Amino acid sequence: MRTTGRFRSYFLRGLAVLVPTILTIWIFLWGYHFIQENISVYINRGIVRLVMFLQGEQRYLTEEEMVKFWVDGLGSIAGFLIALILVCIVGAALASVVGKTLWRMIENFLMKTPLLKQVYPYIKQVTDFLLTQEEEKKKIFSRVVAVEYPRKGAWTVGFVTDSGIGETIDGVKKGVLTILVPSSPTPFSGYVIMVSKEQAVELDITVEEALRFIMSCGVVLPRGKPPVALPKPVLQSEKQQEDFAAKHN
């Protein structure tokens, strides 16, 4: 029994070490093959046609030989590298004023086109959230807080997105925070709530650390951060609840 227990312990420990590494490699290989099969292959075939055109009537290399090297052989990686360079060029072009204006016009067209406008905005929200750099996320989410949601005594992590709209809520004297409460393990969806500033506890963690915590369902904790003392929930008496309801009805 002791030998069986050790084997089980070693086996699980080995899985814990190998599975993340294998999955990471598999994801990168899958991405590489996806680009090769859907993008690079057309670039490589374009290279073959360009070379054949430049040769003119004097064909030093046949099309079959070109395809064997550029499409099916080692030359196929050229299409992958060209695709990466093209993406960088597009990114650099969109960083300019002219590029931003042109892309804004294209996006407006997509937003107004039937069928496309039903799909494109939601895909854009997901990709913007996943691909936005940490500095940009800090502009969207000013800080990470803990709030009592969905009930008193149950704490959840949220991102402060705005502090202006809540100022107009009647009965709140100290201001209101607009907070995105993300869902787990997909933090690009969730609920928007508004609470008074005194009901939100600011956490000493970055947006990236909070995202890791949410996407891992609470398994990956921020390292080196002291525990946060959360306030005890204020339980209103029945008399206070009745007075509050009478005041606002």
# chains A, B, ... in the order shown; residues from 1 in each chain; ligands from 1
call {"tool": "residues_around", "arguments": {"residues": "segment 99-109 of chain A", "least_positions_apart": "4", "cutoff": "12 Å", "atoms": "only C-alpha atoms", "output": "PyMOL selection string"}}
result
chain A and resi 89-95+113-117+120-121+124
call {"tool": "closest_residue", "arguments": {"among": "A:Val67, A:Ile43, A:Val48, A:Leu54", "to": "Leu86 of chain A", "atoms": "only C-alpha atoms"}}
result
A:Ile43
call {"tool": "select_by_dssp", "arguments": {"residues": "segment 195-229 of chain A", "states": "strand (DSSP E)", "output": "MDAnalysis selection string"}}
result
chainID A and resid 195:196 201:202
call {"tool": "write_last_selection", "arguments": {"atoms": "N, CA and C atoms", "output": "JSON list (two decimals), in the first residue's frame"}}
result
[["chain", "number", "residue", "atom", "x", "y", "z"],
["A", 195, "VAL", "N", -21.66, 50.87, -6.68],
["A", 195, "VAL", "CA", -21.69, 50.85, -5.22],
["A", 195, "VAL", "C", -21.06, 52.13, -4.71],
["A", 196, "SER", "N", -21.36, 52.48, -3.48],
["A", 196, "SER", "CA", -20.73, 53.66, -2.88],
["A", 196, "SER", "C", -19.25, 53.38, -2.65],
["A", 201, "VAL", "N", -13.39, 47.86, -1.30],
["A", 201, "VAL", "CA", -12.08, 47.76, -0.65],
["A", 201, "VAL", "C", -11.02, 47.63, -1.73],
["A", 202, "GLU", "N", -10.11, 48.60, -1.80],
["A", 202, "GLU", "CA", -9.07, 48.57, -2.83],
["A", 202, "GLU", "C", -8.05, 47.49, -2.51]]
call {"tool": "residues_around", "arguments": {"residues": "Val147 of chain A", "least_positions_apart": "5", "cutoff": "10 Å", "atoms": "only C-alpha atoms", "output": "PyMOL selection string"}}
result
chain A and resi 152-159+179+181+193+195+198-202+230
call {"tool": "atom_distance", "arguments": {"atom1": "atom CA of Tyr42 of chain A", "atom2": "atom CA of Phe69 of chain A"}}
result
14.1 Å
call {"tool": "closest_residue", "arguments": {"among": "A:Gln55, A:Gln36, A:Thr206, A:Ser183", "to": "Gly218 of chain A", "atoms": "only C-alpha atoms"}}
result
A:Ser183
call {"tool": "select_by_dssp", "arguments": {"residues": "segment 18-180 of chain A", "states": "alpha helix (DSSP H)", "output": "VMD selection string"}}
result
chain A and resid 18 to 35 41 to 55 63 to 70 77 to 94 97 to 112 116 to 131 134 to 140
call {"tool": "residues_around", "arguments": {"residues": "segment 70-77 of chain A", "least_positions_apart": "4", "cutoff": "7 Å", "atoms": "only C-alpha atoms", "output": "VMD selection string"}}
result
chain A and resid 41 44 to 45 48 66 81
